[in-house]
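A.B. asks: Pasting in a structure now, in structure tokens, and then I'll have a few things to ask.
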Amino acid sequence: MVRLSVVIPVYNVEKYLRECLDSVIVPGTEGYEIVCVNDGSTDSSPAILEEYRARYPELIRTVHTENQGLGAASNNGIAAAKGEYVAFLDSDDTFAGHAVQEMIEVCQSGDDLIIFDCNSITDLGEFLETLKGCKLRGEGVFTLEEYPQLLFDRPNRWNKLYRRSLFSELGIAYPGHVWFEDYWTNPKLYPFCRSIRYVSRAWYNYRQQTESITHVKNTVRNLEVIDAAESILRFYEDKGLFEQYKEELEYSVFYNVLLTSTDRVNLINPKSEVQEQLLAYMRKRFPEYEKNKYVMGMSKKHKMLHLLIKNRQYRMLHAVLTAHRTIKK
């Protein structure tokens with residue numbers, strides 16, 4: 001029985017691909033498979049995949065497609081997977097030691113969704129910090145109704161194990177060729193999970209790269225976070241769940257659209273008009289968002305950043321963010 005399918009979307013990552021594959025290959029371990037989706041790579045990644053598939057034919061399967069983007073590659077991996085559960089591993093990242101065995105063991109719990117921690121590492125693999133999968137609760141089983149703050153925890157694909165049937169039963173898929181595809185998709189799964197388990201173990205090593213969304217110079221594409229937010233809000237409205245989770249959804253939009261995206265854009269270009277568009281959207285969508293209990297109760301750091309943003313003090317914001325980044329280094 002295949003308990004777990006590890007889906008690895010691959011696009012032009014020859015520099016990291018061997019390390020990625022080596023981290024998920026555990027000789028002698030049964031109950032899992034590796035599904036590699038080559039998303040139209042033009043470097044040596046396809047050759048590396050075929051080399052590993054030839055070495056581990058019982059473990060690794062490959063799917064080759066034209067370039068469709070990370071979201072579509074993830075969907076193709078889900079479609080090809082045979083496991084009861086699906087995990088995602090970006091091809092420039094790695095699994096931590098013993099992660100595969102422990103994931104297979106936890107999957108026996110029968111939960112619909114399993115969330116875990118990850119390690120943030122440098123491009124050279126040096127440890128930076130551990131990122132909690134659930135910031136406001138300890139290990140255990142819950143539902144979204146019991147822990148609605150999950151809506152503003154990390155929405156990433158790669159720190160979760162999903163019961164594979166969730167996607168087909170709910171008709172939910174990742175969008176292709178967009179930014180923020182995880183934020184667009186994962187919050188839609190949460191209210192339909194009968195049980196969600198949080199495991200406080202760092203099974204994933206997330207590599208901080210200069211090519212990531214956080215560092216890309218194209219500030220305009222940050223506006224795609226608005227499309228993701230609207231997709232979530234419309235989904236909850238259509239399902240009759242918006243009022244139940246209004247406070248959490250509002251804060252999720254505030255945090256992801258206004259606070260995080262504005263900071264990201266400001267670090268790149270403090271004069272960017274994108275900042276104004278993000279602020280205008282927030283004020284139009286949630287005119288009274290400052291009365292939100294989570295906004296009112298956020299940290300002093302976030303309150304300071306929000307004050308600078310709402311008062312359009314973008315030069316000062318840039319100075320504060322730059323100083324903070326320098327200190328962290």
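Letters A, B, ... go to the chains of the structure tokens in the order shown; residues in each chain start at 1; ligands are counted from 1 in the same order.
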Based on DSSP run over this structure's backbone, return all residues of segment 35-224 of chain A in helix (DSSP H, G or I), as a PyMOL selection string.
C.D. replies: chain A and resi 45-55+70-80+99-107+148-152+157-159+165-170+181-188+190-192+219-224
A.B. asks: Can I get the selected residues back with C-alpha atoms, as a PDB file, in the first residue's frame?
C.D. replies:
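What follows is the written file selection19.pdb:
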ATOM      1  CA  SER A  45      16.919  18.704 -14.893  1.00  0.00           C
ATOM      2  CA  PRO A  46      15.065  16.159 -17.128  1.00  0.00           C
ATOM      3  CA  ALA A  47      18.275  14.153 -17.591  1.00  0.00           C
ATOM      4  CA  ILE A  48      18.886  14.129 -13.832  1.00  0.00           C
ATOM      5  CA  LEU A  49      15.332  12.935 -13.243  1.00  0.00           C
ATOM      6  CA  GLU A  50      15.735  10.091 -15.713  1.00  0.00           C
ATOM      7  CA  GLU A  51      19.041   9.123 -14.121  1.00  0.00           C
ATOM      8  CA  TYR A  52      17.392   8.811 -10.707  1.00  0.00           C
ATOM      9  CA  ARG A  53      14.315   7.070 -12.105  1.00  0.00           C
ATOM     10  CA  ALA A  54      16.572   4.458 -13.727  1.00  0.00           C
ATOM     11  CA  ARG A  55      18.362   3.921 -10.399  1.00  0.00           C
ATOM     12  CA  LEU A  70       4.112  25.658 -10.191  1.00  0.00           C
ATOM     13  CA  GLY A  71       0.396  25.384  -9.477  1.00  0.00           C
ATOM     14  CA  ALA A  72      -0.327  23.297 -12.553  1.00  0.00           C
ATOM     15  CA  ALA A  73       2.724  21.110 -11.873  1.00  0.00           C
ATOM     16  CA  SER A  74       1.374  20.467  -8.373  1.00  0.00           C
ATOM     17  CA  ASN A  75      -2.012  19.500  -9.834  1.00  0.00           C
ATOM     18  CA  ASN A  76      -0.351  17.141 -12.315  1.00  0.00           C
ATOM     19  CA  GLY A  77       1.526  15.536  -9.448  1.00  0.00           C
ATOM     20  CA  ILE A  78      -1.676  15.026  -7.465  1.00  0.00           C
ATOM     21  CA  ALA A  79      -3.341  13.473 -10.518  1.00  0.00           C
ATOM     22  CA  ALA A  80      -0.445  11.038 -11.008  1.00  0.00           C
ATOM     23  CA  ALA A  99      11.215  13.058   7.676  1.00  0.00           C
ATOM     24  CA  VAL A 100       9.933  10.425   5.248  1.00  0.00           C
ATOM     25  CA  GLN A 101       9.692   7.652   7.849  1.00  0.00           C
ATOM     26  CA  GLU A 102       8.020   9.934  10.384  1.00  0.00           C
ATOM     27  CA  MET A 103       5.582  11.292   7.800  1.00  0.00           C
ATOM     28  CA  ILE A 104       4.507   7.776   6.822  1.00  0.00           C
ATOM     29  CA  GLU A 105       3.975   6.944  10.487  1.00  0.00           C
ATOM     30  CA  VAL A 106       1.888  10.068  11.169  1.00  0.00           C
ATOM     31  CA  CYS A 107      -0.245   9.422   8.076  1.00  0.00           C
ATOM     32  CA  PRO A 148      -9.900  29.649  13.180  1.00  0.00           C
ATOM     33  CA  GLN A 149      -6.522  31.414  13.445  1.00  0.00           C
ATOM     34  CA  LEU A 150      -5.266  28.765  11.042  1.00  0.00           C
ATOM     35  CA  LEU A 151      -6.536  31.129   8.344  1.00  0.00           C
ATOM     36  CA  PHE A 152      -3.626  33.434   8.966  1.00  0.00           C
ATOM     37  CA  ARG A 157       1.888  23.754   0.348  1.00  0.00           C
ATOM     38  CA  TRP A 158       5.156  22.355   1.562  1.00  0.00           C
ATOM     39  CA  ASN A 159       4.582  22.203   5.325  1.00  0.00           C
ATOM     40  CA  SER A 165      -8.974  12.744  -1.993  1.00  0.00           C
ATOM     41  CA  LEU A 166      -9.562  16.218  -0.509  1.00  0.00           C
ATOM     42  CA  PHE A 167      -8.695  17.882  -3.798  1.00  0.00           C
ATOM     43  CA  SER A 168     -10.954  15.729  -5.964  1.00  0.00           C
ATOM     44  CA  GLU A 169     -13.857  15.649  -3.490  1.00  0.00           C
ATOM     45  CA  LEU A 170     -13.884  19.430  -3.143  1.00  0.00           C
ATOM     46  CA  GLU A 181      -0.901  29.977  -5.551  1.00  0.00           C
ATOM     47  CA  ASP A 182      -0.727  28.479  -2.041  1.00  0.00           C
ATOM     48  CA  TYR A 183      -2.552  31.397  -0.435  1.00  0.00           C
ATOM     49  CA  TRP A 184      -5.084  31.176  -3.279  1.00  0.00           C
ATOM     50  CA  THR A 185      -5.815  27.505  -2.606  1.00  0.00           C
ATOM     51  CA  ASN A 186      -5.059  26.046   0.821  1.00  0.00           C
ATOM     52  CA  PRO A 187      -7.459  28.124   2.977  1.00  0.00           C
ATOM     53  CA  LYS A 188     -10.305  26.693   0.895  1.00  0.00           C
ATOM     54  CA  TYR A 190      -9.503  23.995   5.862  1.00  0.00           C
ATOM     55  CA  PRO A 191     -13.253  24.198   6.654  1.00  0.00           C
ATOM     56  CA  PHE A 192     -13.881  20.806   5.070  1.00  0.00           C
ATOM     57  CA  THR A 219       6.747  44.800  -7.908  1.00  0.00           C
ATOM     58  CA  VAL A 220       3.580  44.861 -10.050  1.00  0.00           C
ATOM     59  CA  ARG A 221       3.124  41.112  -9.720  1.00  0.00           C
ATOM     60  CA  ASN A 222       2.591  41.582  -6.001  1.00  0.00           C
ATOM     61  CA  LEU A 223      -0.884  42.843  -6.953  1.00  0.00           C
ATOM     62  CA  GLU A 224      -1.751  39.217  -7.712  1.00  0.00           C
TER      63      GLU A 224
END
A.B. asks: Using DSSP on the backbone, list every residue of segment 107-236 of chain A that comes out as strand (DSSP E or B), and give them as an MDAnalysis selection string.
C.D. replies: chainID A and resid 113:121 127:131 140:142 160:163 196:207
A.B. asks: Write the selection just made, keeping N, CA, C and O atoms, as a compact mmCIF listing (two decimals), in the first residue's frame?
C.D. replies:
# COMPACT_ATOMS: atom_id res chain seq x y z
N LEU A 113 -5.68 16.54 7.20
CA LEU A 113 -4.58 17.46 6.96
C LEU A 113 -3.62 17.40 8.14
O LEU A 113 -4.05 17.39 9.29
N ILE A 114 -2.33 17.34 7.84
CA ILE A 114 -1.30 17.29 8.87
C ILE A 114 -0.33 18.43 8.60
O ILE A 114 0.23 18.53 7.50
N ILE A 115 -0.13 19.29 9.58
CA ILE A 115 0.71 20.47 9.44
C ILE A 115 1.96 20.29 10.29
O ILE A 115 1.89 19.79 11.41
N PHE A 116 3.11 20.71 9.76
CA PHE A 116 4.36 20.56 10.51
C PHE A 116 5.22 21.80 10.35
O PHE A 116 4.89 22.73 9.61
N ASP A 117 6.33 21.85 11.07
CA ASP A 117 7.23 23.00 11.03
C ASP A 117 8.24 22.84 9.90
O ASP A 117 8.34 21.77 9.27
N CYS A 118 8.99 23.91 9.63
CA CYS A 118 10.07 23.81 8.66
C CYS A 118 11.25 24.66 9.12
O CYS A 118 11.10 25.59 9.92
N ASN A 119 12.40 24.32 8.60
CA ASN A 119 13.62 25.08 8.87
C ASN A 119 13.89 26.01 7.69
O ASN A 119 13.89 25.57 6.54
N SER A 120 14.13 27.26 7.98
CA SER A 120 14.57 28.21 6.95
C SER A 120 16.09 28.13 6.89
O SER A 120 16.77 28.20 7.92
N ILE A 121 16.63 27.96 5.67
CA ILE A 121 18.07 27.81 5.50
C ILE A 121 18.57 28.78 4.42
O ILE A 121 17.79 29.26 3.61
N PHE A 127 21.51 26.88 8.61
CA PHE A 127 20.26 27.07 9.35
C PHE A 127 20.05 28.54 9.72
O PHE A 127 20.97 29.21 10.19
N LEU A 128 18.83 29.04 9.51
CA LEU A 128 18.47 30.40 9.89
C LEU A 128 17.51 30.41 11.07
O LEU A 128 17.78 31.02 12.10
N GLU A 129 16.38 29.74 10.92
CA GLU A 129 15.38 29.69 11.99
C GLU A 129 14.37 28.60 11.70
O GLU A 129 14.25 28.12 10.57
N THR A 130 13.62 28.22 12.73
CA THR A 130 12.52 27.28 12.57
C THR A 130 11.22 28.06 12.46
O THR A 130 10.94 28.93 13.28
N LEU A 131 10.43 27.75 11.44
CA LEU A 131 9.16 28.42 11.20
C LEU A 131 8.04 27.50 11.65
O LEU A 131 7.90 26.38 11.16
N GLY A 140 -1.47 18.56 18.41
CA GLY A 140 -2.77 17.96 18.64
C GLY A 140 -3.68 18.04 17.44
O GLY A 140 -3.29 18.50 16.37
N VAL A 141 -4.91 17.58 17.64
CA VAL A 141 -5.90 17.50 16.57
C VAL A 141 -6.98 18.55 16.80
O VAL A 141 -7.41 18.79 17.93
N PHE A 142 -7.43 19.18 15.71
CA PHE A 142 -8.43 20.23 15.82
C PHE A 142 -9.16 20.36 14.50
O PHE A 142 -8.83 19.71 13.50
N LYS A 160 2.75 20.72 4.78
CA LYS A 160 1.51 20.01 5.03
C LYS A 160 1.49 18.64 4.35
O LYS A 160 2.10 18.45 3.29
N LEU A 161 0.77 17.70 4.95
CA LEU A 161 0.42 16.43 4.32
C LEU A 161 -1.09 16.46 4.11
O LEU A 161 -1.84 16.75 5.03
N TYR A 162 -1.52 16.16 2.89
CA TYR A 162 -2.92 16.26 2.53
C TYR A 162 -3.49 14.87 2.23
O TYR A 162 -2.85 14.09 1.50
N ARG A 163 -4.67 14.57 2.75
CA ARG A 163 -5.37 13.40 2.24
C ARG A 163 -5.68 13.69 0.77
O ARG A 163 -6.34 14.69 0.45
N ILE A 196 -7.66 18.05 11.65
CA ILE A 196 -6.38 18.63 11.26
C ILE A 196 -5.41 18.39 12.40
O ILE A 196 -5.73 18.64 13.57
N ARG A 197 -4.25 17.87 12.10
CA ARG A 197 -3.26 17.56 13.14
C ARG A 197 -2.04 18.46 12.97
O ARG A 197 -1.54 18.62 11.86
N TYR A 198 -1.59 19.02 14.08
CA TYR A 198 -0.34 19.78 14.08
C TYR A 198 0.74 18.97 14.76
O TYR A 198 0.59 18.53 15.90
N VAL A 199 1.83 18.75 14.04
CA VAL A 199 3.00 18.02 14.56
C VAL A 199 4.16 19.00 14.61
O VAL A 199 4.61 19.50 13.58
N SER A 200 4.66 19.27 15.79
CA SER A 200 5.72 20.26 15.95
C SER A 200 7.09 19.64 15.68
O SER A 200 7.94 19.51 16.56
N ARG A 201 7.28 19.26 14.42
CA ARG A 201 8.56 18.71 13.98
C ARG A 201 8.96 19.39 12.66
O ARG A 201 8.13 19.55 11.77
N ALA A 202 10.20 19.78 12.57
CA ALA A 202 10.69 20.49 11.37
C ALA A 202 11.15 19.47 10.34
O ALA A 202 12.32 19.08 10.29
N TRP A 203 10.23 19.04 9.49
CA TRP A 203 10.51 18.01 8.50
C TRP A 203 11.02 18.60 7.18
O TRP A 203 11.45 17.86 6.30
N TYR A 204 10.94 19.90 7.03
CA TYR A 204 11.20 20.53 5.73
C TYR A 204 12.28 21.58 5.86
O TYR A 204 12.30 22.36 6.82
N ASN A 205 13.19 21.61 4.90
CA ASN A 205 14.23 22.65 4.84
C ASN A 205 13.92 23.58 3.67
O ASN A 205 14.02 23.19 2.51
N TYR A 206 13.51 24.80 4.01
CA TYR A 206 13.10 25.79 3.02
C TYR A 206 14.27 26.72 2.72
O TYR A 206 14.75 27.44 3.59
N ARG A 207 14.71 26.72 1.47
CA ARG A 207 15.88 27.49 1.07
C ARG A 207 15.48 28.92 0.69
O ARG A 207 14.66 29.13 -0.20
A.B. asks: Which residues are close to Asn67 of chain A, i.e. within 8 Å by only C-alpha atoms, leaving aside same-chain residues fewer than 5 positions away? Reply as a VMD selection string.
C.D. replies: chain A and resid 39 to 41
A.B. asks: Pull all heavy atoms from the residues just selected and write them as a PDB file, in the first residue's frame.
C.D. replies:
ATOM      1  N   ASP A  39       8.269  20.344 -15.334  1.00  0.00           N
ATOM      2  CA  ASP A  39       7.386  21.367 -15.880  1.00  0.00           C
ATOM      3  C   ASP A  39       8.065  22.127 -17.025  1.00  0.00           C
ATOM      4  O   ASP A  39       8.247  23.339 -16.969  1.00  0.00           O
ATOM      5  CB  ASP A  39       6.988  22.329 -14.752  1.00  0.00           C
ATOM      6  CG  ASP A  39       5.936  23.343 -15.180  1.00  0.00           C
ATOM      7  OD1 ASP A  39       5.027  22.969 -15.942  1.00  0.00           O
ATOM      8  OD2 ASP A  39       6.037  24.510 -14.748  1.00  0.00           O
ATOM      9  N   GLY A  40       8.471  21.369 -18.063  1.00  0.00           N
ATOM     10  CA  GLY A  40       9.064  21.993 -19.246  1.00  0.00           C
ATOM     11  C   GLY A  40      10.452  22.555 -19.026  1.00  0.00           C
ATOM     12  O   GLY A  40      10.812  23.579 -19.626  1.00  0.00           O
ATOM     13  N   SER A  41      11.259  21.902 -18.207  1.00  0.00           N
ATOM     14  CA  SER A  41      12.621  22.390 -17.941  1.00  0.00           C
ATOM     15  C   SER A  41      13.447  22.420 -19.215  1.00  0.00           C
ATOM     16  O   SER A  41      13.327  21.548 -20.089  1.00  0.00           O
ATOM     17  CB  SER A  41      13.312  21.487 -16.917  1.00  0.00           C
ATOM     18  OG  SER A  41      12.673  21.533 -15.664  1.00  0.00           O
TER      19      SER A  41
END
A.B. asks: Work out how far apart atom CA of Glu33 of chain A and atom CA of Val86 of chain A are and give it in Å to one decimal.
C.D. replies: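 Rounded to one decimal, the two atoms are 9.8 Å apart.
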A.B. asks: Take atom CA of Asp22 of chain A and atom CA of Arg3 of chain A and report the distance between them in Å, one decimal.
C.D. replies: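 Between atom CA of Asp22 of chain A and atom CA of Arg3 of chain A the gap works out to 19.8 Å.
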A.B. asks: Quick one, how far is atom CA of Leu124 of chain A from atom CA of Val225 of chain A?
C.D. replies: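 Taking atom CA of Leu124 of chain A and atom CA of Val225 of chain A, their separation equals 29.3 Å.
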A.B. asks: Excluding segment 57-60 of chain A and residues on its chain fewer than 3 positions from it, collect all residues at most 12 Å away from it, counting only C-alpha atoms, and give them as a JSON list (two decimals) with N, CA and C atoms, in the first residue's frame.
C.D. replies:
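What landed in around_21.json:
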[["chain", "number", "residue", "atom", "x", "y", "z"],
["A", 2, "VAL", "N", 0.54, 2.18, -0.89],
["A", 2, "VAL", "CA", 1.27, 3.45, -0.93],
["A", 2, "VAL", "C", 0.57, 4.42, 0.03],
["A", 4, "LEU", "N", 2.07, 7.35, 1.19],
["A", 4, "LEU", "CA", 2.46, 8.74, 0.96],
["A", 4, "LEU", "C", 3.07, 8.91, -0.43],
["A", 5, "SER", "N", 2.60, 9.92, -1.14],
["A", 5, "SER", "CA", 3.20, 10.33, -2.41],
["A", 5, "SER", "C", 3.89, 11.67, -2.21],
["A", 6, "VAL", "N", 5.18, 11.74, -2.49],
["A", 6, "VAL", "CA", 5.92, 12.99, -2.41],
["A", 6, "VAL", "C", 5.99, 13.58, -3.81],
["A", 7, "VAL", "N", 5.30, 14.69, -4.01],
["A", 7, "VAL", "CA", 5.23, 15.34, -5.32],
["A", 7, "VAL", "C", 6.30, 16.42, -5.39],
["A", 8, "ILE", "N", 7.15, 16.34, -6.43],
["A", 8, "ILE", "CA", 8.24, 17.30, -6.60],
["A", 8, "ILE", "C", 8.08, 17.99, -7.96],
["A", 21, "LEU", "N", 16.49, 15.29, -4.36],
["A", 21, "LEU", "CA", 16.11, 13.88, -4.51],
["A", 21, "LEU", "C", 16.78, 12.99, -3.48],
["A", 22, "ASP", "N", 18.05, 13.25, -3.21],
["A", 22, "ASP", "CA", 18.75, 12.45, -2.21],
["A", 22, "ASP", "C", 18.09, 12.54, -0.83],
["A", 24, "VAL", "N", 15.01, 12.66, -0.11],
["A", 24, "VAL", "CA", 13.73, 11.96, -0.01],
["A", 24, "VAL", "C", 13.83, 10.49, -0.37],
["A", 25, "ILE", "N", 15.02, 10.06, -0.75],
["A", 25, "ILE", "CA", 15.25, 8.64, -1.07],
["A", 25, "ILE", "C", 15.78, 7.94, 0.18],
["A", 26, "VAL", "N", 14.97, 7.01, 0.70],
["A", 26, "VAL", "CA", 15.32, 6.30, 1.93],
["A", 26, "VAL", "C", 15.26, 4.81, 1.64],
["A", 27, "PRO", "N", 16.38, 4.20, 1.27],
["A", 27, "PRO", "CA", 16.39, 2.77, 0.94],
["A", 27, "PRO", "C", 15.84, 1.93, 2.09],
["A", 28, "GLY", "N", 15.02, 0.95, 1.72],
["A", 28, "GLY", "CA", 14.47, 0.04, 2.72],
["A", 28, "GLY", "C", 13.16, 0.51, 3.33],
["A", 29, "THR", "N", 12.76, 1.74, 3.04],
["A", 29, "THR", "CA", 11.51, 2.27, 3.58],
["A", 29, "THR", "C", 10.37, 2.00, 2.60],
["A", 30, "GLU", "N", 9.32, 1.37, 3.08],
["A", 30, "GLU", "CA", 8.18, 1.03, 2.24],
["A", 30, "GLU", "C", 7.01, 1.97, 2.52],
["A", 31, "GLY", "N", 6.07, 1.99, 1.60],
["A", 31, "GLY", "CA", 4.84, 2.74, 1.82],
["A", 31, "GLY", "C", 4.83, 4.13, 1.23],
["A", 32, "TYR", "N", 5.81, 4.46, 0.36],
["A", 32, "TYR", "CA", 5.78, 5.79, -0.25],
["A", 32, "TYR", "C", 6.33, 5.74, -1.66],
["A", 33, "GLU", "N", 6.07, 6.80, -2.41],
["A", 33, "GLU", "CA", 6.57, 6.95, -3.76],
["A", 33, "GLU", "C", 6.97, 8.40, -3.98],
["A", 34, "ILE", "N", 7.76, 8.63, -5.02],
["A", 34, "ILE", "CA", 8.18, 9.97, -5.39],
["A", 34, "ILE", "C", 7.67, 10.25, -6.80],
["A", 35, "VAL", "N", 6.88, 11.30, -6.95],
["A", 35, "VAL", "CA", 6.34, 11.69, -8.25],
["A", 35, "VAL", "C", 6.98, 13.01, -8.65],
["A", 36, "CYS", "N", 7.84, 12.96, -9.65],
["A", 36, "CYS", "CA", 8.53, 14.16, -10.13],
["A", 36, "CYS", "C", 7.84, 14.69, -11.38],
["A", 37, "VAL", "N", 7.46, 15.95, -11.34],
["A", 37, "VAL", "CA", 6.78, 16.57, -12.47],
["A", 37, "VAL", "C", 7.73, 17.57, -13.12],
["A", 49, "LEU", "N", 16.51, 13.70, -13.66],
["A", 49, "LEU", "CA", 15.33, 12.94, -13.24],
["A", 49, "LEU", "C", 15.36, 11.52, -13.82],
["A", 50, "GLU", "N", 15.70, 11.41, -15.09],
["A", 50, "GLU", "CA", 15.73, 10.09, -15.71],
["A", 50, "GLU", "C", 16.85, 9.23, -15.13],
["A", 51, "GLU", "N", 17.95, 9.85, -14.78],
["A", 51, "GLU", "CA", 19.04, 9.12, -14.12],
["A", 51, "GLU", "C", 18.57, 8.52, -12.81],
["A", 52, "TYR", "N", 17.88, 9.31, -12.00],
["A", 52, "TYR", "CA", 17.39, 8.81, -10.71],
["A", 52, "TYR", "C", 16.26, 7.80, -10.88],
["A", 53, "ARG", "N", 15.40, 8.02, -11.87],
["A", 53, "ARG", "CA", 14.32, 7.07, -12.11],
["A", 53, "ARG", "C", 14.87, 5.71, -12.50],
["A", 54, "ALA", "N", 15.94, 5.72, -13.31],
["A", 54, "ALA", "CA", 16.57, 4.46, -13.73],
["A", 54, "ALA", "C", 17.21, 3.75, -12.53],
["A", 63, "VAL", "N", 6.75, 12.62, -14.59],
["A", 63, "VAL", "CA", 5.72, 13.15, -15.49],
["A", 63, "VAL", "C", 6.34, 14.33, -16.21],
["A", 80, "ALA", "N", -1.26, 12.23, -10.75],
["A", 80, "ALA", "CA", -0.45, 11.04, -11.01],
["A", 80, "ALA", "C", -0.19, 10.23, -9.74],
["A", 81, "ALA", "N", -0.40, 10.82, -8.59],
["A", 81, "ALA", "CA", -0.06, 10.17, -7.32],
["A", 81, "ALA", "C", -0.99, 8.98, -7.02],
["A", 82, "LYS", "N", -0.45, 8.01, -6.30],
["A", 82, "LYS", "CA", -1.21, 6.83, -5.89],
["A", 82, "LYS", "C", -1.37, 6.75, -4.38]]
